[in-house]
Amino acid sequence: MSKSYSSTIVNPEDLIDPNPEPSTVANRHLKVKFAPTNSFHKQLKRRVNQHFIANDRSPKDSASLYQKTAVIMTWFIVSWTLLVFAAQTWWQAGFLCISLALAMGGIGFSIQHDGNHKAYSDRSWINQVTGFSADLMGVSSYFWNLHHTLLHHSYTNVCGVDLDIDLGVLARYAPQQERRWFHRFQHLYLPVLYCLLLINWHVYRDFNDFVQASIGDYKIPRPKGKDLVLFVAGKIGFFALAFGIPLCFHPVWQVMVGYGVTSAIVGLLLSIVFQTAHCMPQAKFVDIPEEAQALEDNWAVHQLETTVNFAPNNRLLSWYVGGLNYQVEHHLFPGISHVHYPELATIVRKTCEEYGVVYNVLPTFRDAIAAHFQWLKLMGNEA
């Protein structure tokens, strides 16, 4: 085996530029830089690359992922079809709403996530098609990439830059954020807001990003050409599936209740899985450094210190959440398909032990959820 996959397993900084051009992002944070790459990061990349060479495997285009996609998409289509055309009683509709929500969560975790990270395939059109599945859930893949891939992955837990840990006055996720009196109750009311995550995307966030051409303080380009066509087509397609077709067969109130229940479940699922990776007692939060100074850590060590794995031995959970219980591996190698994360975890953990680098992991999903709410209570009560 002579083929090297080093063209795919590159420095994540090459995949997600931590210092994007001013034309893409407002230059308020462009001076946020990381310390230089060290021997730990180089050794880690070398070992991961050698793993794929030795096993004659590609980091992408996994047969198991294609099979998984077929299962999840079938689950989604069957659940939606039965809910719209076959449900006759409230309990049937309720069961199918839950089933549809779980299928949508599976699309978000396992299909669109790899696609939009360009980790699904070496063929760009396959990445675009699978990434566009986010639009089936009513979330613009174009704006999701800017929020998640550009800002969150580049500046994980950097306060004032990573908008995934910034809900404004509604929540206090980091010690650097201002504490308000009502944050003492955030561990009680945030689950309700988590349920509204998807609805917010559907009716507000994507449209606001488009109109304002900004994400918070960041200036962003509006979609043009093919991106604009896909944005519009995605919105039309989602609203047709969520409202247009169901309203032809059911009263308005039933459609709205079904939409609300399904969206709330998906929003809660997505929020809990993603928040338990970064908003935890084990995760580090950092300030924007003074002008012209670099962050204390290099990019790889920063990702390890700000990210937490959970339930590594739970194979069913790992299958369903698209390997996002291996967030450490995902943040270090976002361009590799999630089906490889369990294998990479052994390499990453061993290398961390050798170099004395932190590797955060909790044994169960229950432990991760408990730690997240422990952190919410701590941040709500400590100044």
# chains A, B, ... in the order shown; residues from 1 in each chain; ligands from 1
$ closest_atom_pairs --of "range 194-245 of chain A" --to "range 98-105 of chain A" --cutoff "12 Å" --atoms "only C-alpha atoms" --output "Markdown table"
| residue | atom | partner | partner_atom | distance |
| --- | --- | --- | --- | --- |
| A:Cys195 | CA | A:Ala101 | CA | 11.7 |
| A:Leu198 | CA | A:Gly105 | CA | 10.7 |
| A:Ala242 | CA | A:Leu100 | CA | 11.3 |
$ residues_around --residues "Gly216 in chain A" --least-positions-apart "4" --cutoff "12 Å" --atoms "only C-alpha atoms" --output "PyMOL selection string"
chain A and resi 25-26+28+146-147+151+160-164+166-168+205+208-209+212+220
$ closest_residue --among "A:Val78, A:Tyr194, A:Leu83, A:Val48" --to "Ile245 in chain A" --atoms "only C-alpha atoms"
A:Leu83
$ residues_around --residues "His372 in chain A" --least-positions-apart "5" --cutoff "8 Å" --atoms "only C-alpha atoms" --output "mmCIF file with C-alpha atoms, in the first residue's frame"
data_model
loop_
_atom_site.group_PDB
_atom_site.id
_atom_site.type_symbol
_atom_site.label_atom_id
_atom_site.label_comp_id
_atom_site.auth_asym_id
_atom_site.auth_seq_id
_atom_site.Cartn_x
_atom_site.Cartn_y
_atom_site.Cartn_z
ATOM 1 C CA GLN A 275 -23.451 21.641 24.881
ATOM 2 C CA THR A 276 -22.157 18.604 26.767
ATOM 3 C CA CYS A 279 -20.011 23.896 28.401
ATOM 4 C CA MET A 280 -18.688 21.708 31.177
ATOM 5 C CA PRO A 281 -16.562 21.991 34.339
#
$ closest_residue --among "A:Arg180, A:His202, A:His278, A:His338" --to "Gly380 in chain A" --atoms "only C-alpha atoms"
A:Arg180
$ select_by_dssp --residues "range 117-248 of chain A" --states "strand (DSSP E)" --output "MDAnalysis selection string"
chainID A and resid 214:215 218:219
$ write_last_selection --atoms "C-alpha atoms" --output "compact mmCIF listing (two decimals), in the first residue's frame"
# COMPACT_ATOMS: atom_id res chain seq x y z
CA SER A 214 -23.76 39.41 9.70
CA ILE A 215 -23.48 36.90 12.50
CA TYR A 218 -19.10 39.38 12.11
CA LYS A 219 -19.74 40.60 8.60
$ atom_distance --atom1 "CA of Trp201 in chain A" --atom2 "CA of Val139 in chain A"
6.0 Å
$ select_by_dssp --residues "range 68-196 of chain A" --states "alpha helix (DSSP H)" --output "PyMOL selection string"
chain A and resi 68-85+90-106+113-116+124-131+133-136+141-144+153-154+186-195
$ write_last_selection --atoms "C-alpha atoms" --output "PDB file, in the first residue's frame"
ATOM      1  CA  LYS A  68     -26.202   4.384   7.750  1.00  0.00           C
ATOM      2  CA  THR A  69     -27.412   7.261   5.607  1.00  0.00           C
ATOM      3  CA  ALA A  70     -29.840   4.948   3.815  1.00  0.00           C
ATOM      4  CA  VAL A  71     -31.217   3.728   7.156  1.00  0.00           C
ATOM      5  CA  ILE A  72     -31.685   7.207   8.609  1.00  0.00           C
ATOM      6  CA  MET A  73     -33.204   8.693   5.451  1.00  0.00           C
ATOM      7  CA  THR A  74     -35.622   5.756   5.195  1.00  0.00           C
ATOM      8  CA  TRP A  75     -36.512   6.272   8.844  1.00  0.00           C
ATOM      9  CA  PHE A  76     -37.191   9.951   8.128  1.00  0.00           C
ATOM     10  CA  ILE A  77     -39.292   9.320   5.000  1.00  0.00           C
ATOM     11  CA  VAL A  78     -41.370   6.555   6.586  1.00  0.00           C
ATOM     12  CA  SER A  79     -41.984   8.565   9.780  1.00  0.00           C
ATOM     13  CA  TRP A  80     -43.047  11.691   7.860  1.00  0.00           C
ATOM     14  CA  THR A  81     -45.259   9.739   5.434  1.00  0.00           C
ATOM     15  CA  LEU A  82     -47.070   7.833   8.168  1.00  0.00           C
ATOM     16  CA  LEU A  83     -47.510  10.970  10.252  1.00  0.00           C
ATOM     17  CA  VAL A  84     -49.049  12.958   7.394  1.00  0.00           C
ATOM     18  CA  PHE A  85     -51.049  10.276   5.602  1.00  0.00           C
ATOM     19  CA  TRP A  90     -53.434  11.269  19.017  1.00  0.00           C
ATOM     20  CA  TRP A  91     -51.199   8.476  20.275  1.00  0.00           C
ATOM     21  CA  GLN A  92     -50.277   7.443  16.750  1.00  0.00           C
ATOM     22  CA  ALA A  93     -49.457  11.032  15.880  1.00  0.00           C
ATOM     23  CA  GLY A  94     -47.469  11.429  19.088  1.00  0.00           C
ATOM     24  CA  PHE A  95     -45.432   8.298  18.487  1.00  0.00           C
ATOM     25  CA  LEU A  96     -44.714   9.332  14.896  1.00  0.00           C
ATOM     26  CA  CYS A  97     -43.724  12.865  15.964  1.00  0.00           C
ATOM     27  CA  ILE A  98     -41.149  11.341  18.300  1.00  0.00           C
ATOM     28  CA  SER A  99     -39.963   8.969  15.574  1.00  0.00           C
ATOM     29  CA  LEU A 100     -39.697  11.816  13.060  1.00  0.00           C
ATOM     30  CA  ALA A 101     -37.808  13.962  15.568  1.00  0.00           C
ATOM     31  CA  LEU A 102     -35.312  11.189  16.258  1.00  0.00           C
ATOM     32  CA  ALA A 103     -34.818  10.656  12.531  1.00  0.00           C
ATOM     33  CA  MET A 104     -34.237  14.385  12.024  1.00  0.00           C
ATOM     34  CA  GLY A 105     -31.732  14.327  14.854  1.00  0.00           C
ATOM     35  CA  GLY A 106     -29.980  11.439  13.121  1.00  0.00           C
ATOM     36  CA  HIS A 113     -22.600  17.170   9.842  1.00  0.00           C
ATOM     37  CA  ASP A 114     -20.113  15.061   7.895  1.00  0.00           C
ATOM     38  CA  GLY A 115     -21.281  16.572   4.613  1.00  0.00           C
ATOM     39  CA  ASN A 116     -20.865  20.169   5.685  1.00  0.00           C
ATOM     40  CA  SER A 124     -17.438  17.577  -3.441  1.00  0.00           C
ATOM     41  CA  TRP A 125     -20.907  17.029  -4.927  1.00  0.00           C
ATOM     42  CA  ILE A 126     -21.603  14.227  -2.444  1.00  0.00           C
ATOM     43  CA  ASN A 127     -20.549  16.488   0.421  1.00  0.00           C
ATOM     44  CA  GLN A 128     -22.879  19.169  -0.893  1.00  0.00           C
ATOM     45  CA  VAL A 129     -25.819  16.800  -1.296  1.00  0.00           C
ATOM     46  CA  THR A 130     -25.400  15.317   2.177  1.00  0.00           C
ATOM     47  CA  GLY A 131     -24.722  18.753   3.655  1.00  0.00           C
ATOM     48  CA  SER A 133     -29.850  17.512   4.211  1.00  0.00           C
ATOM     49  CA  ALA A 134     -29.613  20.187   6.920  1.00  0.00           C
ATOM     50  CA  ASP A 135     -32.045  22.185   4.823  1.00  0.00           C
ATOM     51  CA  LEU A 136     -34.518  19.308   5.133  1.00  0.00           C
ATOM     52  CA  SER A 141     -26.453  24.659   5.390  1.00  0.00           C
ATOM     53  CA  TYR A 142     -24.882  27.877   4.062  1.00  0.00           C
ATOM     54  CA  PHE A 143     -25.311  29.811   7.312  1.00  0.00           C
ATOM     55  CA  TRP A 144     -24.751  26.741   9.483  1.00  0.00           C
ATOM     56  CA  HIS A 153     -14.379  25.161  15.182  1.00  0.00           C
ATOM     57  CA  SER A 154     -11.784  27.866  14.674  1.00  0.00           C
ATOM     58  CA  GLN A 186     -30.679  29.030  34.114  1.00  0.00           C
ATOM     59  CA  HIS A 187     -30.322  25.325  34.845  1.00  0.00           C
ATOM     60  CA  LEU A 188     -34.131  25.290  35.068  1.00  0.00           C
ATOM     61  CA  TYR A 189     -35.145  27.458  32.108  1.00  0.00           C
ATOM     62  CA  LEU A 190     -32.409  26.688  29.572  1.00  0.00           C
ATOM     63  CA  PRO A 191     -33.867  23.244  28.700  1.00  0.00           C
ATOM     64  CA  VAL A 192     -36.996  25.116  27.568  1.00  0.00           C
ATOM     65  CA  LEU A 193     -34.867  27.402  25.403  1.00  0.00           C
ATOM     66  CA  TYR A 194     -33.030  24.380  24.044  1.00  0.00           C
ATOM     67  CA  CYS A 195     -36.394  23.087  22.828  1.00  0.00           C
TER      68      CYS A 195
END
$ closest_residue --among "A:Arg222, A:Ala86, A:Ala264, A:Asn200" --to "Pro246 in chain A" --atoms "only C-alpha atoms"
A:Ala86
